[in-house]
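Text of work09.cif (mmCIF, C-alpha atoms) as supplied:
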```cif
data_entry
#
loop_
_atom_site.label_atom_id
_atom_site.label_comp_id
_atom_site.auth_asym_id
_atom_site.auth_seq_id
_atom_site.Cartn_x
_atom_site.Cartn_y
_atom_site.Cartn_z
CA MET A 16 -42.71 -6.37 -11.28
CA ASN A 17 -45.23 -3.76 -10.16
CA ILE A 18 -45.41 -1.15 -12.92
CA ALA A 19 -45.49 1.81 -10.54
CA TYR A 20 -42.46 0.54 -8.61
CA LYS A 21 -40.56 -0.13 -11.82
CA ALA A 22 -41.27 3.44 -12.98
CA PHE A 23 -40.05 4.75 -9.64
CA ALA A 24 -36.89 2.62 -9.83
CA ARG A 25 -36.05 3.73 -13.37
CA THR A 26 -36.58 7.37 -12.40
CA TYR A 27 -34.36 6.89 -9.36
CA GLN A 28 -31.65 5.32 -11.52
CA LYS A 29 -31.73 8.19 -13.97
CA ILE A 30 -31.54 10.73 -11.16
CA MET A 31 -28.55 8.89 -9.77
CA TRP A 32 -26.98 8.86 -13.23
CA VAL A 33 -27.41 12.62 -13.61
CA ALA A 34 -26.00 13.11 -10.12
CA THR A 35 -23.07 10.87 -11.03
CA LEU A 36 -22.24 13.07 -14.00
CA ALA A 37 -21.92 16.00 -11.62
CA MET A 38 -19.70 14.15 -9.14
CA ARG A 39 -15.95 14.42 -9.12
CA PHE A 40 -14.87 10.85 -9.73
CA ARG A 41 -11.12 10.79 -9.59
CA ILE A 42 -9.04 8.28 -11.48
CA PRO A 43 -6.36 7.06 -9.07
CA LYS A 44 -2.84 8.19 -9.82
CA THR A 45 -0.82 5.09 -10.65
CA LEU A 46 2.65 3.79 -9.99
CA ASP A 47 3.06 0.72 -12.16
CA GLY A 48 5.52 -1.72 -13.63
CA GLU A 49 7.54 -4.70 -12.54
CA GLY A 50 9.22 -4.09 -9.17
CA CYS A 51 7.55 -0.72 -8.56
CA LEU A 52 6.96 -1.57 -4.88
CA GLU A 53 10.54 -0.52 -4.24
CA LYS A 54 9.72 2.98 -5.51
CA VAL A 55 6.80 3.54 -3.12
CA PRO A 56 8.62 5.82 -0.61
CA ASP A 57 9.62 8.22 -3.39
CA PHE A 58 6.05 8.09 -4.68
CA ILE A 59 4.78 9.04 -1.21
CA LYS A 60 7.28 11.89 -0.88
CA GLU A 61 6.26 13.23 -4.28
CA ASN A 62 2.52 13.09 -3.67
CA GLU A 63 1.94 13.15 0.10
CA PRO A 64 5.09 14.73 1.62
CA HIS A 65 3.43 15.25 5.02
CA VAL A 66 2.92 11.50 5.53
CA LYS A 67 5.46 10.05 7.96
CA LYS A 68 3.59 6.97 9.25
CA VAL A 69 1.16 4.65 7.50
CA LEU A 70 -1.09 1.73 8.39
CA VAL A 71 -0.66 -1.32 6.16
CA VAL A 72 -3.85 -3.38 5.93
CA THR A 73 -3.49 -6.97 4.73
CA ASP A 74 -4.12 -10.59 5.75
CA LYS A 75 -2.07 -13.30 7.39
CA VAL A 76 -1.86 -15.45 4.26
CA LEU A 77 -0.18 -12.65 2.33
CA MET A 78 2.09 -11.91 5.26
CA GLY A 79 3.23 -15.53 5.14
CA THR A 80 4.15 -15.33 1.46
CA GLY A 81 6.79 -12.64 1.92
CA LEU A 82 5.19 -10.48 -0.78
CA LEU A 83 5.14 -7.48 1.52
CA ASN A 84 8.85 -7.72 2.32
CA PRO A 85 9.97 -5.41 -0.55
CA LEU A 86 7.43 -2.82 0.60
CA PHE A 87 8.52 -3.00 4.23
CA ALA A 88 12.19 -2.89 3.20
CA SER A 89 11.59 0.23 1.13
CA PHE A 90 9.80 1.89 4.06
CA GLU A 91 12.65 1.08 6.44
CA GLN A 92 15.32 2.26 4.02
CA ALA A 93 13.49 5.57 3.55
CA GLY A 94 12.85 6.01 7.29
CA LEU A 95 9.08 5.83 6.81
CA GLU A 96 7.29 4.37 9.84
CA TYR A 97 4.47 1.88 9.48
CA ALA A 98 1.99 0.00 11.63
CA LEU A 99 0.47 -3.29 10.52
CA TYR A 100 -2.98 -4.84 10.62
CA ASP A 101 -2.94 -8.33 9.12
CA GLY A 102 -6.24 -9.65 10.45
CA VAL A 103 -8.34 -9.16 7.32
CA VAL A 104 -10.57 -12.15 6.49
CA PRO A 105 -12.35 -12.91 3.20
CA ASN A 106 -15.46 -10.76 3.16
CA PRO A 107 -14.07 -8.35 5.81
CA THR A 108 -16.15 -7.83 8.91
CA VAL A 109 -17.09 -4.87 11.05
CA GLN A 110 -14.77 -6.33 13.69
CA ASN A 111 -11.85 -6.28 11.21
CA ILE A 112 -12.46 -2.64 10.49
CA GLU A 113 -12.76 -1.66 14.14
CA GLU A 114 -9.54 -3.49 15.02
CA ALA A 115 -7.63 -1.83 12.18
CA THR A 116 -9.08 1.59 13.05
CA ASN A 117 -7.84 1.27 16.62
CA ILE A 118 -4.32 0.47 15.39
CA TYR A 119 -4.45 3.47 13.03
CA LYS A 120 -5.40 5.82 15.88
CA GLU A 121 -3.06 4.34 18.49
CA ASN A 122 -0.07 4.74 16.18
CA GLY A 123 -0.87 8.20 14.87
CA CYS A 124 -0.99 7.05 11.26
CA GLN A 125 -1.59 9.55 8.47
CA ALA A 126 -2.34 7.32 5.48
CA LEU A 127 -3.63 3.87 4.59
CA PHE A 128 -1.99 1.16 2.51
CA ALA A 129 -4.27 -1.67 1.37
CA PHE A 130 -2.23 -4.66 0.24
CA GLY A 131 -4.20 -7.59 -1.12
CA GLY A 132 -7.41 -8.34 -2.94
CA GLY A 133 -10.79 -6.73 -2.55
CA SER A 134 -11.06 -7.76 1.10
CA SER A 135 -7.98 -5.81 2.19
CA MET A 136 -9.11 -2.79 0.19
CA ASP A 137 -12.65 -2.95 1.57
CA CYS A 138 -11.24 -3.15 5.08
CA ALA A 139 -8.94 -0.17 4.49
CA LYS A 140 -11.81 1.83 3.01
CA GLY A 141 -13.87 0.94 6.07
CA VAL A 142 -11.07 2.29 8.26
CA GLY A 143 -11.14 5.47 6.20
CA VAL A 144 -14.88 5.79 6.86
CA ARG A 145 -14.38 5.30 10.61
CA ILE A 146 -11.63 7.95 10.67
CA ALA A 147 -13.75 10.40 8.68
CA ARG A 148 -16.99 9.69 10.58
CA PRO A 149 -15.90 8.42 14.02
CA ASN A 150 -19.26 8.93 15.69
CA THR A 151 -21.36 7.05 13.12
CA PRO A 152 -21.63 3.23 13.12
CA LEU A 153 -20.69 1.56 9.84
CA ARG A 154 -24.17 0.14 9.39
CA LYS A 155 -25.54 3.67 9.20
CA MET A 156 -23.11 4.36 6.36
CA ARG A 157 -24.74 1.65 4.24
CA GLY A 158 -25.90 2.87 0.86
CA VAL A 159 -24.92 5.81 -1.30
CA MET A 160 -23.29 9.16 -0.50
CA LYS A 161 -23.41 8.96 3.29
CA VAL A 162 -19.73 9.50 4.12
CA ASN A 163 -19.34 12.95 2.60
CA LYS A 164 -16.06 13.64 4.37
CA LYS A 165 -12.49 13.29 3.24
CA ILE A 166 -10.78 10.06 4.27
CA PRO A 167 -7.00 9.70 4.83
CA PRO A 168 -4.90 9.20 1.68
CA LEU A 169 -5.44 5.63 0.52
CA PHE A 170 -2.81 3.73 -1.46
CA ALA A 171 -4.18 0.51 -3.01
CA ILE A 172 -1.83 -2.34 -3.96
CA PRO A 173 -3.89 -5.10 -5.62
CA THR A 174 -2.45 -8.61 -5.43
CA THR A 175 -5.20 -10.01 -7.64
CA ALA A 176 -6.37 -8.88 -11.06
CA GLY A 177 -10.06 -8.82 -10.43
CA THR A 178 -11.83 -6.67 -7.89
CA GLY A 179 -10.94 -3.29 -9.34
CA SER A 180 -11.27 -2.01 -5.77
CA GLU A 181 -8.26 0.22 -6.41
CA THR A 182 -10.58 2.39 -8.54
CA THR A 183 -14.00 2.08 -6.93
CA VAL A 184 -16.36 4.01 -4.69
CA ALA A 185 -17.50 0.95 -2.76
CA ALA A 186 -16.53 -0.97 0.36
CA ILE A 187 -18.31 -4.30 0.87
CA ILE A 188 -18.70 -5.13 4.54
CA SER A 189 -19.93 -8.32 6.24
CA ASP A 190 -22.10 -7.90 9.31
CA GLY A 191 -23.09 -11.36 10.55
CA ASN A 192 -24.61 -13.20 7.58
CA TYR A 193 -25.43 -9.94 5.82
CA LYS A 194 -23.19 -8.06 3.41
CA TYR A 195 -23.77 -4.45 2.51
CA SER A 196 -22.08 -1.73 0.50
CA VAL A 197 -20.87 1.69 1.56
CA MET A 198 -20.58 3.76 -1.59
CA ASP A 199 -19.17 7.26 -1.84
CA PRO A 200 -16.68 8.90 -4.24
CA VAL A 201 -14.43 9.73 -1.27
CA LEU A 202 -13.66 5.99 -1.03
CA ILE A 203 -11.93 5.87 -4.39
CA PRO A 204 -8.26 5.25 -3.54
CA LYS A 205 -6.13 8.26 -4.26
CA TYR A 206 -3.30 6.07 -5.57
CA ALA A 207 -3.04 2.65 -7.22
CA ILE A 208 0.25 0.75 -7.19
CA LEU A 209 0.25 -1.93 -9.89
CA ASP A 210 3.20 -4.28 -9.56
CA PRO A 211 2.63 -7.50 -11.54
CA LEU A 212 5.23 -9.30 -9.43
CA VAL A 213 2.78 -9.51 -6.51
CA THR A 214 0.32 -11.51 -8.64
CA VAL A 215 2.81 -14.08 -9.97
CA GLY A 216 2.30 -16.58 -7.16
CA LEU A 217 -1.49 -16.57 -7.18
CA PRO A 218 -3.07 -20.04 -7.07
CA LYS A 219 -4.94 -21.04 -10.21
CA HIS A 220 -8.34 -20.88 -8.52
CA VAL A 221 -7.69 -17.30 -7.40
CA THR A 222 -6.44 -16.25 -10.84
CA SER A 223 -9.56 -17.69 -12.44
CA THR A 224 -12.24 -16.35 -10.11
CA THR A 225 -10.76 -12.89 -9.69
CA GLY A 226 -10.34 -12.65 -13.45
CA MET A 227 -14.02 -13.50 -13.90
CA ASP A 228 -14.87 -10.87 -11.31
CA ALA A 229 -13.06 -8.28 -13.43
CA LEU A 230 -14.95 -9.51 -16.48
CA SER A 231 -18.28 -9.12 -14.67
CA HIS A 232 -17.47 -5.52 -13.79
CA ALA A 233 -16.86 -4.60 -17.40
CA VAL A 234 -19.86 -6.58 -18.68
CA GLU A 235 -22.30 -5.11 -16.15
CA ALA A 236 -20.99 -1.61 -16.83
CA PHE A 237 -21.55 -2.14 -20.55
CA VAL A 238 -25.00 -3.76 -20.50
CA GLY A 239 -26.45 -1.48 -17.82
CA ILE A 240 -28.58 1.42 -18.96
CA ASN A 241 -26.39 4.14 -17.40
CA HIS A 242 -23.36 4.00 -19.66
CA ASN A 243 -21.57 6.50 -21.87
CA LYS A 244 -18.66 6.55 -24.30
CA LEU A 245 -16.03 6.81 -21.56
CA THR A 246 -17.36 3.82 -19.64
CA ASP A 247 -17.92 1.85 -22.85
CA ASP A 248 -14.34 2.41 -23.98
CA TYR A 249 -12.88 1.27 -20.67
CA ALA A 250 -15.23 -1.73 -20.50
CA ILE A 251 -14.51 -2.93 -24.05
CA ARG A 252 -10.76 -2.65 -23.59
CA ALA A 253 -10.97 -4.60 -20.35
CA ILE A 254 -13.14 -7.34 -21.85
CA GLN A 255 -10.91 -7.72 -24.89
CA SER A 256 -7.84 -8.00 -22.68
CA ILE A 257 -9.45 -10.53 -20.34
CA PHE A 258 -10.51 -12.74 -23.24
CA VAL A 259 -6.93 -12.69 -24.53
CA ASN A 260 -5.04 -12.95 -21.24
CA LEU A 261 -7.07 -14.78 -18.58
CA LYS A 262 -6.53 -18.31 -19.88
CA LYS A 263 -2.84 -17.54 -20.35
CA ALA A 264 -2.57 -16.28 -16.76
CA TYR A 265 -4.38 -19.40 -15.57
CA ASP A 266 -2.07 -21.70 -17.54
CA ASN A 267 1.18 -19.88 -16.76
CA GLY A 268 1.04 -17.63 -13.74
CA LYS A 269 4.69 -16.63 -14.10
CA ASP A 270 4.13 -14.77 -17.37
CA ILE A 271 4.81 -11.20 -16.22
CA GLU A 272 3.41 -9.55 -19.35
CA VAL A 273 0.14 -11.44 -19.06
CA ARG A 274 -0.11 -10.65 -15.35
CA LYS A 275 0.48 -6.97 -16.11
CA ASN A 276 -2.23 -7.01 -18.79
CA MET A 277 -4.71 -8.56 -16.37
CA GLN A 278 -3.92 -5.94 -13.74
CA ILE A 279 -4.60 -3.18 -16.24
CA ALA A 280 -7.81 -4.87 -17.39
CA ALA A 281 -9.09 -5.11 -13.81
CA TYR A 282 -8.16 -1.46 -13.26
CA GLU A 283 -9.99 -0.31 -16.41
CA ALA A 284 -13.04 -2.44 -15.62
CA GLY A 285 -13.09 -0.82 -12.20
CA ILE A 286 -13.04 2.67 -13.67
CA SER A 287 -15.96 1.71 -15.91
CA PHE A 288 -18.31 0.22 -13.35
CA THR A 289 -17.48 2.87 -10.74
CA ARG A 290 -19.28 5.34 -12.99
CA THR A 291 -22.17 3.11 -14.10
CA ASN A 292 -22.69 0.77 -11.14
CA VAL A 293 -22.87 -3.00 -11.24
CA GLY A 294 -26.05 -5.08 -11.46
CA ASP A 295 -27.91 -8.20 -10.46
CA ILE A 296 -24.89 -10.46 -10.93
CA HIS A 297 -23.39 -8.69 -7.95
CA ALA A 298 -26.62 -8.58 -5.97
CA ILE A 299 -26.90 -12.37 -6.20
CA ALA A 300 -23.19 -12.98 -5.62
CA HIS A 301 -23.12 -10.75 -2.54
CA ALA A 302 -26.10 -12.60 -1.08
CA LEU A 303 -24.46 -15.96 -1.79
CA GLY A 304 -21.19 -14.79 -0.29
CA GLY A 305 -22.89 -13.51 2.84
CA GLN A 306 -24.96 -16.64 3.39
CA PHE A 307 -22.35 -19.27 2.53
CA HIS A 308 -19.04 -17.40 2.96
CA LEU A 309 -18.10 -18.04 -0.65
CA PRO A 310 -15.16 -16.30 -2.30
CA HIS A 311 -16.66 -13.34 -4.12
CA GLY A 312 -15.08 -14.18 -7.49
CA LEU A 313 -16.43 -17.74 -7.40
CA ALA A 314 -19.98 -16.54 -6.68
CA ILE A 315 -19.67 -13.97 -9.48
CA ALA A 316 -18.30 -16.43 -12.04
CA VAL A 317 -21.06 -18.99 -11.45
CA THR A 318 -23.81 -16.36 -11.39
CA MET A 319 -22.80 -14.26 -14.41
CA PRO A 320 -23.97 -16.40 -17.36
CA HIS A 321 -27.28 -17.26 -15.66
CA VAL A 322 -28.15 -13.60 -15.10
CA LEU A 323 -27.13 -12.61 -18.64
CA ARG A 324 -29.41 -15.33 -20.01
CA TYR A 325 -32.24 -14.03 -17.83
CA TYR A 326 -31.84 -10.54 -19.32
CA GLY A 327 -32.65 -12.06 -22.71
CA GLU A 328 -33.52 -9.72 -25.51
CA THR A 329 -33.14 -6.62 -23.33
CA ALA A 330 -29.38 -7.18 -23.43
CA TYR A 331 -28.93 -8.74 -26.89
CA ALA A 332 -27.87 -5.54 -28.65
CA ARG A 333 -25.22 -4.65 -26.09
CA LEU A 334 -23.92 -8.20 -25.74
CA ALA A 335 -23.70 -8.44 -29.52
CA VAL A 336 -21.32 -5.46 -29.50
CA LEU A 337 -19.16 -7.31 -26.98
CA ALA A 338 -19.25 -10.42 -29.12
CA ASP A 339 -17.96 -8.40 -32.06
CA ALA A 340 -15.25 -6.89 -29.84
CA VAL A 341 -13.85 -10.32 -28.91
CA GLY A 342 -14.20 -11.85 -32.38
CA LEU A 343 -17.33 -13.99 -31.93
CA THR A 344 -19.74 -14.42 -34.83
CA GLY A 345 -23.47 -14.79 -35.40
CA ASN A 346 -26.11 -13.99 -37.97
CA ASN A 347 -27.93 -11.47 -35.79
CA GLU A 348 -27.77 -9.77 -32.40
CA GLU A 349 -29.43 -12.67 -30.58
CA GLU A 350 -26.98 -15.22 -31.95
CA LYS A 351 -24.00 -12.99 -31.15
CA ALA A 352 -25.29 -12.33 -27.63
CA LYS A 353 -25.77 -16.02 -26.97
CA ALA A 354 -22.30 -16.72 -28.37
CA PHE A 355 -20.85 -14.23 -25.89
CA ILE A 356 -22.64 -15.87 -22.96
CA ALA A 357 -21.50 -19.29 -24.21
CA ALA A 358 -17.94 -17.97 -24.29
CA ILE A 359 -18.27 -17.07 -20.60
CA ASP A 360 -19.52 -20.60 -19.91
CA GLU A 361 -16.50 -21.95 -21.78
CA LEU A 362 -14.08 -19.74 -19.81
CA ASN A 363 -15.57 -21.02 -16.56
CA ALA A 364 -15.37 -24.63 -17.66
CA TYR A 365 -11.78 -24.27 -18.89
CA MET A 366 -10.74 -23.03 -15.45
CA GLY A 367 -12.70 -25.58 -13.44
CA ILE A 368 -15.43 -23.20 -12.26
CA PRO A 369 -18.76 -25.04 -11.85
CA ALA A 370 -21.93 -24.17 -13.75
CA THR A 371 -23.98 -24.45 -10.52
CA LEU A 372 -23.04 -24.44 -6.84
CA ASN A 373 -24.85 -27.27 -5.07
CA GLY A 374 -22.47 -30.15 -4.52
CA TYR A 375 -19.39 -28.03 -5.20
CA LYS A 376 -16.66 -28.52 -2.60
CA LEU A 377 -14.70 -25.69 -1.06
CA GLY A 378 -11.96 -27.59 0.70
CA GLU A 379 -13.76 -30.00 2.99
CA ARG A 380 -17.02 -28.06 2.84
CA GLU A 381 -19.74 -28.97 0.34
CA ILE A 382 -22.12 -26.24 -0.78
CA LYS A 383 -25.75 -27.11 -0.04
CA ILE A 384 -28.28 -24.39 -0.84
CA ALA A 385 -31.79 -25.16 0.42
CA GLU A 386 -35.12 -23.45 -0.18
CA GLU A 387 -34.94 -21.63 3.15
CA ASP A 388 -31.58 -20.18 2.07
CA VAL A 389 -33.16 -18.98 -1.16
CA ALA A 390 -35.73 -17.00 0.81
CA VAL A 391 -33.08 -15.26 2.94
CA MET A 392 -30.78 -14.52 0.01
CA THR A 393 -33.64 -13.26 -2.14
CA GLY A 394 -34.57 -10.72 0.50
CA ASN A 395 -30.98 -9.48 0.70
CA ALA A 396 -30.54 -9.33 -3.08
CA VAL A 397 -33.76 -7.38 -3.60
CA LYS A 398 -32.70 -4.84 -0.97
CA GLU A 399 -29.34 -4.37 -2.66
CA ALA A 400 -30.50 -4.26 -6.27
CA ASN A 401 -33.76 -2.32 -6.22
CA PRO A 402 -34.12 0.51 -6.95
CA LEU A 403 -30.37 1.18 -7.27
CA TYR A 404 -28.95 -1.01 -10.02
CA PRO A 405 -29.56 0.23 -13.61
CA VAL A 406 -29.89 -3.22 -15.16
CA PRO A 407 -31.43 -3.87 -18.59
CA LYS A 408 -34.23 -5.97 -17.07
CA MET A 409 -35.24 -5.52 -13.46
CA MET A 410 -36.00 -8.45 -11.17
CA ASP A 411 -38.69 -8.77 -8.53
CA VAL A 412 -38.74 -11.20 -5.60
CA GLU A 413 -39.91 -14.16 -7.70
CA ASN A 414 -37.30 -13.51 -10.40
CA PHE A 415 -34.49 -13.37 -7.87
CA ALA A 416 -35.68 -16.53 -6.16
CA GLU A 417 -35.77 -18.34 -9.49
CA LEU A 418 -32.25 -17.18 -10.33
CA PHE A 419 -30.95 -18.37 -6.96
CA ARG A 420 -32.46 -21.80 -7.63
CA THR A 421 -30.83 -21.83 -11.07
CA VAL A 422 -27.43 -20.81 -9.72
CA ALA A 423 -27.73 -23.44 -7.02
CA GLY A 424 -28.70 -26.14 -9.52
CA MET A 425 -32.03 -26.79 -7.80
CA LYS A 426 -33.95 -26.95 -11.07
#
```
For the structure just supplied, provide its representation as structure tokens.
Amino acid sequence: MNIAYKAFARTYQKIMWVATLAMRFRIPKTLDGEGCLEKVPDFIKENEPHVKKVLVVTDKVLMGTGLLNPLFASFEQAGLEYALYDGVVPNPTVQNIEEATNIYKENGCQALFAFGGGSSMDCAKGVGVRIARPNTPLRKMRGVMKVNKKIPPLFAIPTTAGTGSETTVAAIISDGNYKYSVMDPVLIPKYAILDPLVTVGLPKHVTSTTGMDALSHAVEAFVGINHNKLTDDYAIRAIQSIFVNLKKAYDNGKDIEVRKNMQIAAYEAGISFTRTNVGDIHAIAHALGGQFHLPHGLAIAVTMPHVLRYYGETAYARLAVLADAVGLTGNNEEEKAKAFIAAIDELNAYMGIPATLNGYKLGEREIKIAEEDVAVMTGNAVKEANPLYPVPKMMDVENFAELFRTVAGMK
């Protein structure tokens, strides 16, 4: 990487870090515990008494499961009106957000309820942006600190233990084959409702990949250069919990205690990376997701160990601390760091997540990443990562291209 550009990027990252310390990052107020969905109307009355009508943002798959029925029943019993948008797709689009925004306005809603995984929450955050900044296209909101206006109260109800979107500043939006982030502290949900019952029926492949997504958030927060004691504490707790609970959740999805622990881990990982930012694992995964419409957690899980290996000795000391935290051994920092990365490989393998993507089948579709795809994805990843992400070892165009080939299994 060009020395002058690297110096500029590191200076930019430090400036952003100092600015972050001055920002008012709220920690969402939580309503948690088994069956807490039924208590939501009282929670609203206690915290947002002016709210009489809400927009629920979700997807058709979740609607078909009946998981929202307790929420709707509680609304109806309390006389709280609601409108519904259930058109969210994986990797929510600008069209999704515009459709949901129109429903919000047409029905005179006063608050947003995001019910689902990261996609539903990203869509609801996007609606919040459109309500706050109605005259500015979403694409112009791309990047950091461009909203700068209060959004409607946002209640986040995660149905997966992974994205941490119930705690974060970011909305990830798909625009054609390109995904971009809108990041602003105003997008942190005001409230998080953590009911483990809504995660009990998750398919194994969703449990595994969303759990690995949560792990990546904590790991990137910890190994990045912009960390502090608060973010370290949250990250270590999350990583320890994921190492204890993820396999159990994968093996027995009906274990309520394990599901609850995974929800809390995802929540704490989200708090950590919201204050430190993510890194190149996410830059690569976002590019893969945009180009091939991959589930975000799958792209993250496959990418994570390859990027950590690329960081090499720049991350050994921090990864060694994580190895100690989860009970892995080694004679020195390098051995411990490599043991931690190997443990991530083992987690992936245990849950049927591939080491590389080419040839992997998503339903009837087989992933085939070609050299021309590498060029497109590299351009997108570089734009996302540099100069923003405070990673231990920065990547240039050639480094990113090489990592994409490795993740694909082209070498």
Selection result for the PyMOL selection byres ((chain A and resi 54) around 12) on this file, as a ChimeraX atom specification: /A:45-53,55-61,85-90,92-93,208-210
Written as number ranges by chain, which residues does the PyMOL selection byres ((chain A and resi 255) around 10) give for the file shown? A: 230, 250-254, 256-260, 280, 337-338, 340-342
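Selection by the PyMOL selection byres ((chain A and resi 273) around 10) on the present file picks out Pro211, Val215, Ser256, Ile257, Val259, Asn260, Leu261, Lys262, Lys263, Ala264, Tyr265, Asn267, Gly268, Lys269, Asp270, Ile271, Glu272, Arg274, Lys275, Asn276, Met277, Gln278 and Ile279 of chain A.
Nearest-residue note for Gln306 (chain A): choosing from A:Gly394, A:Gly94, A:Gly79, A:Gly158, the minimum distance belongs to A:Gly394, counting all atoms listed in the file.
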Could you list, as a ChimeraX atom specification, every residue within 9 Å of Gly226 (chain A), counting all atoms listed in the file and ignoring same-chain residues fewer than 5 positions away? /A:175-178,221,231,257,261,277,281,312,316
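Put simply, CA of Asp248 (chain A) is 19.2 Å away from CA of Arg39 (chain A).
For region 138-141 of chain A, the non-local neighbours within 6 Å, defined as residues at least 5 positions apart in the same chain or in other chains and counting all atoms listed in the file, are A:Pro107, A:Ile112, A:Ala129.
Distances here use all atoms listed in the file; by that measure, the residue among A:Lys21, A:Lys408, A:His301, A:His232 closest to Tyr249 (chain A) is A:His232.
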Using all atoms listed in the file, find each residue of region 151-177 of chain A with at least one atom at most 12 Å away from an atom of region 66-74 of chain A; report its shortest atom-to-atom pair and that distance in Å (one decimal), sort the rows by chain and rising residue number, and return the result as CSV.
```
residue,atom,partner,partner_atom,distance
A:Pro167,CA,A:Val69,CA,10.0
A:Pro168,CA,A:Val66,CA,9.0
A:Leu169,CA,A:Val69,CA,9.7
A:Phe170,CA,A:Val71,CA,9.4
A:Ala171,CA,A:Val72,CA,9.8
A:Ile172,CA,A:Thr73,CA,10.0
A:Pro173,CA,A:Thr73,CA,10.5
A:Thr174,CA,A:Thr73,CA,10.3
```
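If you look at CA of Ala19 (chain A) and CA of Arg157 (chain A), they are 25.5 Å away from each other.
Here CA of Ala98 (chain A) and CA of Thr116 (chain A) stand 11.3 Å from one another.
Considering all atoms listed in the file, the residue among A:Ala37, A:Ala126, A:Leu217, A:Val234 positioned nearest to Val76 (chain A) is A:Leu217.
Checking A:Gly133, A:Pro407, A:Pro149, A:Gly327 one by one against Val293 (chain A), counting all atoms listed in the file, you find the shortest gap at A:Pro407.
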